[in-house]
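Here is the structure we will look at, set down as C-alpha cells.
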Amino acid sequence: MEQTKFSAGKGKAIFLIVTALGAAASAVALMMDARQFAFSYLTAFCFFLSISLGGLAFVLLQHLTRAGWSVVVRRIAENITANLMWMGVLIIPLLAVGIHTLFHWSHAEAVAHDPIMQAKASYFNLIFFISRTVVFFAIWAILAWWLLKKSVVQDTSGDKAITLSLQKWSTLGIILYAASETFFSFDWIMSLNPHWFSTIFGVYYFSCSAVAIYSMIIMVAYLLQKKGYVKDAITVEHYHDLGKLLFGFNAFWAYIAYCQFLLIWYGNLGEETPFFHLRAEGSWKTLSVAMIFIHFVIPFFYFISRIVKRNLLALFVVAVWLFFANYLDIYWLIMPNINTKGMHITLGDVGSFLFIGGLFFYFLLKRMEKSSLIPQKDPRLPESLKFTNA
Amino acid sequence: MAEQKNSKLFGVLAEFANPGDLLKAAEKVRDKGYKKWDTHSPFPVHGMDRAMGLKDSKLGIFVFICSMTGMLSAFYLQYWSSKIAYPLVIAGKPFNDYPSFGIWTFEGAILFAAFSALLGMFALNKLPLLYHALFSSKNFLRFSNDAFFISIEAKDPQFNAKETRRFLEEIGGKNIEVIEE
C-alpha cells in the first residue's frame with residue numbers, strides 16, 4: 001500500500017524552534033551591526049528564494065513540455081514553489097527600512113555627485129524600485145498558488161481539462177517568470193554595486209536556482225522515502241533523471257559563471273572589472289578559487305558516472321553538497337559588497353539562515369501534509385510510474 | 001555447388017509479428033541462457049536492453065578517458081605555443097593566460113569525446129562490416145522495414161540446430177530458417 005498522505009510529526013516543531021533560535025541570533029546581530037546584518041539577511045533570503053524560484057521554473061517547464069516522467073516528483077516541486085506565496089513578506093523589512101542601508105544608489109546626495117548614477121536614475125529610484133519588487137512577488141505568488149491549487153483540485157476530480165489549461169497558461173507563466181527573475185536579480189543583487197553591470201546576471205541567478213531546485217527535490221524525495229512515504233512511486237529511474245538534470249544544470253552554472261568571467265577578464269574595461277577585482281583579493285580570492293572546485297570540479301567528477309546517479313545515497317550526498325555550494329555562491333555574490341577587505345562571517349549570517357530556513361521548511365512540511373505526495377489523478381501518472389531510462 | 005559444401009552453419013533465424021512479441025520472446029531466450037544471439041527490428045524497442053539482459057556499454061569509460069586526454073592536450077597545446085614556442089604579448093596579458101585557454105580546453109574535451117564515442121561505437125559493433133551471413137536470407141531483408149527477428153548463432157555453447165529451432169517455434173517464431181555462413 002503506497003503511503004502518500006504525509007504527516008510531519010515532530011518536524012514542524014523542530015523547525016519552529018530553529019526559526020526561534022535564528023530570530024534570537026538575528027536580533028542580537030541586528031543590535032551589534034545593523035548594516036552587516038542587512039547584507040546577511042539579504043544573502044539568506046536570496047538563497048532560499050532561489051530554491052522556490054527554481055521550483056517555479058521546474059513546474060512550468062514540466063507543463064510546457066508535457067513531461068510524463070516527472071509527474072511523481074512534481075508535487076514535491078509544487079510544494080517547494082508554493083513558499084513563494086509568503087516569501088514576499090520576508091522582504092518587507094528590507095523594503096521598509098533596508099533600502100538605504102543596502103543600496104548606495106538610494107542616497108540622493110551620492111547620486112548628485114555621480115554622473116553615472118544620474119544617468120541610471122530613471123531606473124534606480126525608490127518608487128520604481130519598490131513597485132517592481134511588489135510586482136515580482138505578486139507574479140510569483142499568483143503563479144505558485146495557481147500551479148499548486150489546480151494540481152490539488154485534479155487529485156479529486158481527475159479532470160483532464162486542468163492539465164490542458166495548465167499547459168496553456170504556463171506559456172505566459174514562463175515568460176513572466178523569466179522577466180521577473182532577471183530583473184529581481186538585477187535589482188536586489190547586481191545593484192548592490194550600482195556602477196557595475198553584467199547582462200548575463202539574470203541567467204547566472206537562474207542557474208543558481210536550477211541547481212537549488214534539483215538538489216532540493218532529490219533531498220526531499222530521498223528523505224520522504226527514508227520515512228516510508230511514496231516508496232513505490234519514485235524509483236531509481238526518476239532519481240537518475242533528476243541526477244542527470246542536476247549534473248547538467250551544475251555544468252550550466254559553471255558555463256555561465258565562466259562566460260561572465262572570461263568576457264570581463266578579457267575585455268579588461270574599467271567599468272566591468274571591479275566585480276572580479278573585489279573577489280580576487282585576500283580571503284575572497286581563496287573563496288573564488290575554492291568555488292571552482294566546490295561548485296564544479298569535485299561534483300563534476302564525482303557524479304559524472306551513471307553508477308553514482310543510480311545509487312540513491314551517493315546522489316543524496318551530492319545533492320546536499322550542491323545545496324550548500326549554492327549558498328556559498330549567493331554569499332560570494334552579495335557579501336563582498338560590504339566586507340570589501342575580506343570574508344567576515346558573523347552571527348547574523350547564521351541567524352538569518354536559520355530564521356528564514358526554519359520558516360521555509362516549516363511551511364513546506366505544513367503544506368505537504370495538506371495534499372497527497374503525488375498528483376494522484378494526473379493523466380500522465382501511469383506514464384511516470386512505469387518510466388524507465390532506455 | 002562447391003561453396004555450399006564448405007559452408008558452415010551460422011545459426012537460426014525466426015520472425016516475430018510485432019515489437020511486443022519480440023520483447024517477450026527475447027526475455028525467454030535470455031532466460032533459457034543463450035549468450036550469442038541478437039534481435040533485429042526497424043526501430044529501437046523500449047526495454048529491449050533489459051529483455052535481452054544486456055549489460056551497460058563499456059563505451060562511457062572509453063569516452064571519458066579520451067575526453068580527458070583531449071582536454072589536457074588542448075590545454076598543453078595552448079600553453080606550449082603561447083608560453084614556450086611563441087611568447088607574444090597579446091592584449092597585455094601574461095604568456096600563460098590560462099583563463100582564455102578555457103574555451104579550447106573545453107572544445108578539445110568535446111572533440112575527443114565525440115570522435116571516441118563514434119569510433120568506439122564502430123569498434124564495439126565490429127563496424128564496418130561488409131557482409132553478414134543473415135543477408136543470405138531474402139526474408140531477413142525486411143528487418144529494416146516491417147519485420148522483427150531473433151537470430152541465435154551456432155557459436156553459442158547451447159546451440160543445437162534441431163533443439164534451437166524447436167525452441168524458437170515454441171516461443172512463437174514464424175518463418176524459421178537455418179542460415180549458413
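Numbering starts fresh at 1 for the residues of each chain in the C-alpha cells, the chains themselves are lettered A, B, ... in the order given, and ligands are numbered from 1 as they appear.
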Taking only C-alpha atoms into account, what are the residues of chain A at most 12 Å from chain B, put as a compact mmCIF listing (two decimals) with all heavy atoms, in the first residue's frame?
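Output file result-v2.txt follows:
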# COMPACT_ATOMS: atom_id res chain seq x y z
N ALA A 251 26.74 21.99 -14.57
CA ALA A 251 27.68 22.33 -15.65
C ALA A 251 27.24 23.64 -16.30
O ALA A 251 28.09 24.47 -16.67
CB ALA A 251 27.75 21.21 -16.68
N ALA A 254 28.48 26.47 -14.23
CA ALA A 254 29.91 26.71 -14.46
C ALA A 254 30.12 27.43 -15.78
O ALA A 254 30.95 28.35 -15.88
CB ALA A 254 30.67 25.38 -14.46
N TYR A 255 29.34 27.03 -16.77
CA TYR A 255 29.44 27.62 -18.10
C TYR A 255 29.10 29.12 -18.05
O TYR A 255 29.82 29.95 -18.59
CB TYR A 255 28.47 26.86 -18.99
CG TYR A 255 28.38 27.31 -20.41
CD1 TYR A 255 29.34 26.94 -21.33
CD2 TYR A 255 27.32 28.10 -20.84
CE1 TYR A 255 29.25 27.34 -22.65
CE2 TYR A 255 27.22 28.50 -22.15
CZ TYR A 255 28.19 28.13 -23.05
OH TYR A 255 28.09 28.53 -24.34
N TYR A 258 31.70 31.07 -16.05
CA TYR A 258 32.93 31.23 -16.83
C TYR A 258 32.73 32.26 -17.94
O TYR A 258 33.61 33.08 -18.20
CB TYR A 258 33.37 29.88 -17.40
CG TYR A 258 34.60 29.96 -18.25
CD1 TYR A 258 35.83 30.32 -17.70
CD2 TYR A 258 34.54 29.70 -19.61
CE1 TYR A 258 36.95 30.41 -18.49
CE2 TYR A 258 35.67 29.79 -20.40
CZ TYR A 258 36.87 30.14 -19.84
OH TYR A 258 37.99 30.23 -20.62
N CYS A 259 31.56 32.21 -18.59
CA CYS A 259 31.26 33.20 -19.64
C CYS A 259 31.36 34.61 -19.08
O CYS A 259 31.97 35.50 -19.69
CB CYS A 259 29.83 33.02 -20.15
SG CYS A 259 29.65 31.70 -21.30
N GLN A 260 30.73 34.81 -17.93
CA GLN A 260 30.73 36.14 -17.32
C GLN A 260 32.16 36.57 -16.98
O GLN A 260 32.58 37.68 -17.29
CB GLN A 260 29.88 36.12 -16.06
CG GLN A 260 29.89 37.43 -15.32
CD GLN A 260 28.82 37.48 -14.24
OE1 GLN A 260 27.64 37.60 -14.53
NE2 GLN A 260 29.23 37.36 -13.00
N PHE A 261 32.90 35.64 -16.41
CA PHE A 261 34.28 35.96 -16.02
C PHE A 261 35.15 36.23 -17.24
O PHE A 261 35.88 37.22 -17.29
CB PHE A 261 34.88 34.82 -15.20
CG PHE A 261 36.35 34.98 -14.97
CD1 PHE A 261 36.83 35.95 -14.11
CD2 PHE A 261 37.25 34.17 -15.64
CE1 PHE A 261 38.18 36.11 -13.91
CE2 PHE A 261 38.61 34.33 -15.45
CZ PHE A 261 39.08 35.30 -14.59
N LEU A 262 35.08 35.35 -18.23
CA LEU A 262 36.00 35.44 -19.37
C LEU A 262 35.83 36.76 -20.11
O LEU A 262 36.81 37.43 -20.43
CB LEU A 262 35.78 34.27 -20.33
CG LEU A 262 36.76 34.26 -21.50
CD1 LEU A 262 38.14 33.88 -21.03
CD2 LEU A 262 36.30 33.32 -22.59
N LEU A 263 34.58 37.15 -20.36
CA LEU A 263 34.36 38.38 -21.14
C LEU A 263 34.88 39.59 -20.38
O LEU A 263 35.48 40.49 -20.98
CB LEU A 263 32.88 38.54 -21.46
CG LEU A 263 32.33 37.52 -22.45
CD1 LEU A 263 30.95 37.92 -22.90
CD2 LEU A 263 33.24 37.37 -23.66
N ILE A 264 34.65 39.61 -19.08
CA ILE A 264 35.10 40.76 -18.29
C ILE A 264 36.62 40.76 -18.17
O ILE A 264 37.28 41.78 -18.34
CB ILE A 264 34.41 40.75 -16.91
CG1 ILE A 264 32.93 41.04 -17.09
CG2 ILE A 264 35.07 41.75 -15.98
CD1 ILE A 264 32.11 40.91 -15.84
N TRP A 265 37.18 39.58 -17.93
CA TRP A 265 38.64 39.48 -17.76
C TRP A 265 39.35 39.84 -19.06
O TRP A 265 40.34 40.55 -19.08
CB TRP A 265 38.98 38.05 -17.34
CG TRP A 265 40.44 37.77 -17.23
CD1 TRP A 265 41.22 38.00 -16.14
CD2 TRP A 265 41.28 37.21 -18.24
NE1 TRP A 265 42.51 37.63 -16.42
CE2 TRP A 265 42.57 37.14 -17.68
CE3 TRP A 265 41.06 36.76 -19.53
CZ2 TRP A 265 43.64 36.62 -18.41
CZ3 TRP A 265 42.12 36.26 -20.24
CH2 TRP A 265 43.40 36.19 -19.67
N TYR A 266 38.82 39.35 -20.19
CA TYR A 266 39.49 39.56 -21.47
C TYR A 266 39.35 41.00 -21.96
O TYR A 266 40.29 41.59 -22.46
CB TYR A 266 38.94 38.60 -22.53
CG TYR A 266 39.97 38.29 -23.57
CD1 TYR A 266 40.91 37.31 -23.33
CD2 TYR A 266 40.03 39.01 -24.75
CE1 TYR A 266 41.90 37.04 -24.26
CE2 TYR A 266 41.01 38.75 -25.68
CZ TYR A 266 41.95 37.76 -25.43
OH TYR A 266 42.93 37.51 -26.34
N GLY A 267 38.12 41.55 -21.77
CA GLY A 267 37.90 42.94 -22.21
C GLY A 267 38.66 43.93 -21.35
O GLY A 267 39.16 44.93 -21.83
N ASN A 268 38.75 43.61 -20.03
CA ASN A 268 39.53 44.43 -19.10
C ASN A 268 39.12 45.89 -19.13
O ASN A 268 39.97 46.78 -19.20
CB ASN A 268 41.02 44.28 -19.44
CG ASN A 268 41.89 44.53 -18.24
OD1 ASN A 268 41.39 44.59 -17.11
ND2 ASN A 268 43.18 44.72 -18.46
N LEU A 269 37.81 46.16 -19.10
CA LEU A 269 37.33 47.53 -19.14
C LEU A 269 37.08 48.03 -17.72
O LEU A 269 36.58 47.27 -16.87
CB LEU A 269 36.02 47.62 -19.95
CG LEU A 269 36.14 47.23 -21.42
CD1 LEU A 269 34.78 47.23 -22.08
CD2 LEU A 269 37.09 48.17 -22.15
N PHE A 301 33.33 15.45 -11.36
CA PHE A 301 33.96 14.14 -11.47
C PHE A 301 33.30 13.12 -10.54
O PHE A 301 33.31 11.94 -10.81
CB PHE A 301 35.46 14.24 -11.19
CG PHE A 301 36.19 14.89 -12.32
CD1 PHE A 301 36.69 16.17 -12.21
CD2 PHE A 301 36.35 14.22 -13.52
CE1 PHE A 301 37.33 16.78 -13.28
CE2 PHE A 301 36.99 14.81 -14.59
CZ PHE A 301 37.48 16.10 -14.46
N ILE A 304 29.72 12.17 -12.53
CA ILE A 304 29.59 12.06 -13.99
C ILE A 304 29.12 10.66 -14.37
O ILE A 304 28.42 10.47 -15.36
CB ILE A 304 30.93 12.41 -14.68
CG1 ILE A 304 30.73 12.54 -16.20
CG2 ILE A 304 32.02 11.39 -14.38
CD1 ILE A 304 31.89 13.16 -16.93
N SER A 305 29.45 9.66 -13.53
CA SER A 305 29.11 8.29 -13.88
C SER A 305 27.65 7.97 -13.59
O SER A 305 27.08 8.41 -12.60
CB SER A 305 30.00 7.32 -13.10
OG SER A 305 29.44 6.05 -13.15
N ARG A 306 27.07 7.18 -14.47
CA ARG A 306 25.69 6.71 -14.30
C ARG A 306 25.52 5.90 -13.02
O ARG A 306 24.48 5.93 -12.38
CB ARG A 306 25.39 5.90 -15.56
CG ARG A 306 24.29 4.93 -15.53
CD ARG A 306 24.37 4.10 -16.82
NE ARG A 306 23.30 3.13 -16.83
CZ ARG A 306 22.18 3.27 -17.53
NH1 ARG A 306 22.02 4.32 -18.29
NH2 ARG A 306 21.24 2.36 -17.48
N ILE A 307 26.59 5.21 -12.64
CA ILE A 307 26.51 4.36 -11.44
C ILE A 307 26.21 5.21 -10.20
O ILE A 307 25.41 4.84 -9.36
CB ILE A 307 27.83 3.58 -11.27
CG1 ILE A 307 28.04 2.68 -12.49
CG2 ILE A 307 27.82 2.76 -9.99
CD1 ILE A 307 29.46 2.26 -12.72
N LYS A 386 5.70 4.02 -14.74
CA LYS A 386 6.42 2.92 -15.38
C LYS A 386 7.62 3.42 -16.19
O LYS A 386 8.19 2.69 -16.98
CB LYS A 386 5.48 2.10 -16.25
CG LYS A 386 4.90 2.85 -17.42
CD LYS A 386 4.12 1.91 -18.34
CE LYS A 386 3.84 2.63 -19.64
NZ LYS A 386 2.84 2.03 -20.46
N PHE A 387 7.97 4.70 -15.95
CA PHE A 387 9.05 5.31 -16.72
C PHE A 387 10.39 4.61 -16.45
O PHE A 387 10.73 4.30 -15.32
CB PHE A 387 9.17 6.79 -16.35
CG PHE A 387 10.45 7.41 -16.77
CD1 PHE A 387 10.67 7.73 -18.10
CD2 PHE A 387 11.47 7.65 -15.86
CE1 PHE A 387 11.85 8.28 -18.50
CE2 PHE A 387 12.66 8.20 -16.27
CZ PHE A 387 12.85 8.51 -17.59
N THR A 388 11.14 4.32 -17.55
CA THR A 388 12.49 3.80 -17.37
C THR A 388 13.43 4.53 -18.31
O THR A 388 13.02 5.01 -19.36
CB THR A 388 12.60 2.29 -17.71
OG1 THR A 388 12.11 2.12 -19.04
CG2 THR A 388 11.85 1.44 -16.74
N ASN A 389 14.69 4.62 -17.91
CA ASN A 389 15.72 5.13 -18.80
C ASN A 389 16.11 4.03 -19.76
O ASN A 389 16.33 2.91 -19.35
CB ASN A 389 16.95 5.56 -17.99
CG ASN A 389 16.73 6.88 -17.33
OD1 ASN A 389 16.70 7.90 -17.99
ND2 ASN A 389 16.53 6.87 -16.02
N ALA A 390 16.18 4.38 -21.05
CA ALA A 390 16.50 3.35 -22.05
C ALA A 390 17.89 2.79 -21.81
O ALA A 390 18.77 3.48 -21.35
CB ALA A 390 16.43 3.94 -23.44
Excluding Arg279 in chain A and any residue of its chain fewer than 5 positions from it, enumerate the residues within 9 Å of it, using only C-alpha atoms, and give them as a VMD selection string.
-> chain A and resid 274 284 to 288 332 336 340 342
Please provide as a VMD selection string all residues within 10 Å of range 66-83 of chain B, with the sequence filter that same-chain residues fewer than 6 positions apart are discarded (counting only C-alpha atoms).
-> chain B and resid 60 89 to 90 94 to 98 100 to 117
Atomic distance CA of Pro194 in chain A - CA of Thr182 in chain A, expressed in Å with one decimal | 15.8 Å
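Residues surrounding Lys370 in chain A within 10 Å are A:Lys5, A:Phe6, A:Ser7, A:Asn79, A:Val152, A:Leu365 [only C-alpha atoms; sequence separation below 5 positions excluded].
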Out of range 12-176 of chain B, which residues get alpha helix (DSSP H) from DSSP, as a ChimeraX atom specification?
-> /B:19-32,48-52,59-79,98-124,161-170
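Note that the spacing between CA of Phe303 in chain A and CA of Lys244 in chain A amounts to 9.0 Å.
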Of the candidates B:Phe167, B:Phe140, B:Phe62, B:Phe149, which one gets nearest to Met121 in chain B if we count only C-alpha atoms?
->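 Distance minimum relative to Met121 in chain B lands on B:Phe62.
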Selection: 8 Å around range 195-206 of chain A, only C-alpha atoms, excl. self and same-chain fewer than 6 positions, as a ChimeraX atom specification = /A:50,54,116-117,181-183,185-186,253,256-257,260,271-272,274-275
CA of Phe103 in chain A to CA of Asp187 in chain A: how many Å, to one decimal?
->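 A separation of 9.7 Å between them.
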Can you list, as number ranges by chain, all residues belonging to chain B that DSSP tags as strand (DSSP E or B)?
-> B: 9-16, 37-40, 148-153, 174-180
Contacts of Val153 in chain A at 12 Å or less, counting only C-alpha atoms, minus same-chain residues fewer than 4 places along, as an NGL selection string?
-> :A and (146-149 or 157-163 or 371-372 or 375-378)
Output N, CA, C and O atoms of each residue in that selection to a file, as a tab-separated table (two decimals), in the first residue's frame.
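The new file part-v5.tsv reads:
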chain	number	residue	atom	x	y	z
A	146	TRP	N	-1.50	29.24	-8.07
A	146	TRP	CA	-2.32	28.66	-9.15
A	146	TRP	C	-1.83	27.26	-9.54
A	146	TRP	O	-2.63	26.34	-9.70
A	147	LEU	N	-0.52	27.09	-9.65
A	147	LEU	CA	0.01	25.78	-10.05
A	147	LEU	C	-0.32	24.71	-9.03
A	147	LEU	O	-0.69	23.59	-9.37
A	148	LEU	N	-0.20	25.04	-7.75
A	148	LEU	CA	-0.48	24.05	-6.70
A	148	LEU	C	-1.97	23.78	-6.60
A	148	LEU	O	-2.41	22.63	-6.57
A	149	LYS	N	-2.74	24.85	-6.61
A	149	LYS	CA	-4.19	24.74	-6.44
A	149	LYS	C	-4.81	23.85	-7.52
A	149	LYS	O	-5.54	22.90	-7.22
A	157	SER	N	-10.81	15.47	-8.64
A	157	SER	CA	-11.70	15.45	-9.81
A	157	SER	C	-11.14	14.60	-10.95
A	157	SER	O	-11.90	13.98	-11.70
A	158	GLY	N	-9.82	14.57	-11.12
A	158	GLY	CA	-9.23	13.83	-12.23
A	158	GLY	C	-9.55	14.45	-13.58
A	158	GLY	O	-9.46	13.80	-14.61
A	159	ASP	N	-9.93	15.73	-13.56
A	159	ASP	CA	-10.35	16.42	-14.78
A	159	ASP	C	-9.16	16.67	-15.70
A	159	ASP	O	-8.21	17.35	-15.33
A	160	LYS	N	-9.22	16.15	-16.93
A	160	LYS	CA	-8.10	16.32	-17.84
A	160	LYS	C	-7.99	17.74	-18.37
A	160	LYS	O	-6.92	18.17	-18.82
A	161	ALA	N	-9.11	18.48	-18.32
A	161	ALA	CA	-9.08	19.87	-18.80
A	161	ALA	C	-8.10	20.70	-17.97
A	161	ALA	O	-7.51	21.67	-18.46
A	162	ILE	N	-7.90	20.31	-16.70
A	162	ILE	CA	-6.97	21.04	-15.84
A	162	ILE	C	-5.56	20.96	-16.39
A	162	ILE	O	-4.84	21.97	-16.49
A	163	THR	N	-5.16	19.76	-16.81
A	163	THR	CA	-3.83	19.59	-17.39
A	163	THR	C	-3.67	20.48	-18.63
A	163	THR	O	-2.63	21.13	-18.80
A	371	SER	N	-1.93	17.78	1.18
A	371	SER	CA	-2.39	17.06	-0.02
A	371	SER	C	-1.55	15.81	-0.21
A	371	SER	O	-0.55	15.60	0.46
A	372	SER	N	-1.98	15.00	-1.18
A	372	SER	CA	-1.25	13.78	-1.50
A	372	SER	C	0.17	14.13	-1.95
A	372	SER	O	0.41	15.19	-2.52
A	375	PRO	N	0.65	13.66	-7.54
A	375	PRO	CA	-0.61	14.05	-8.19
A	375	PRO	C	-1.37	12.79	-8.60
A	375	PRO	O	-1.09	12.19	-9.64
A	376	GLN	N	-2.36	12.40	-7.76
A	376	GLN	CA	-2.93	11.07	-7.88
A	376	GLN	C	-3.68	10.81	-9.18
A	376	GLN	O	-3.70	9.68	-9.66
A	377	LYS	N	-4.34	11.83	-9.71
A	377	LYS	CA	-5.15	11.56	-10.91
A	377	LYS	C	-4.63	12.31	-12.12
A	377	LYS	O	-5.37	12.58	-13.05
A	378	ASP	N	-3.37	12.66	-12.11
A	378	ASP	CA	-2.78	13.29	-13.29
A	378	ASP	C	-2.85	12.29	-14.44
A	378	ASP	O	-2.49	11.12	-14.27
Name the residues in contact with Gly55 in chain A at a cut-off of 7 Å, using only C-alpha atoms, excluding same-chain residues fewer than 5 positions from it; report them as a list in words.
->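 Those residues are Ala77, Glu78, Ile80, Thr81 and Ile213 of chain A.
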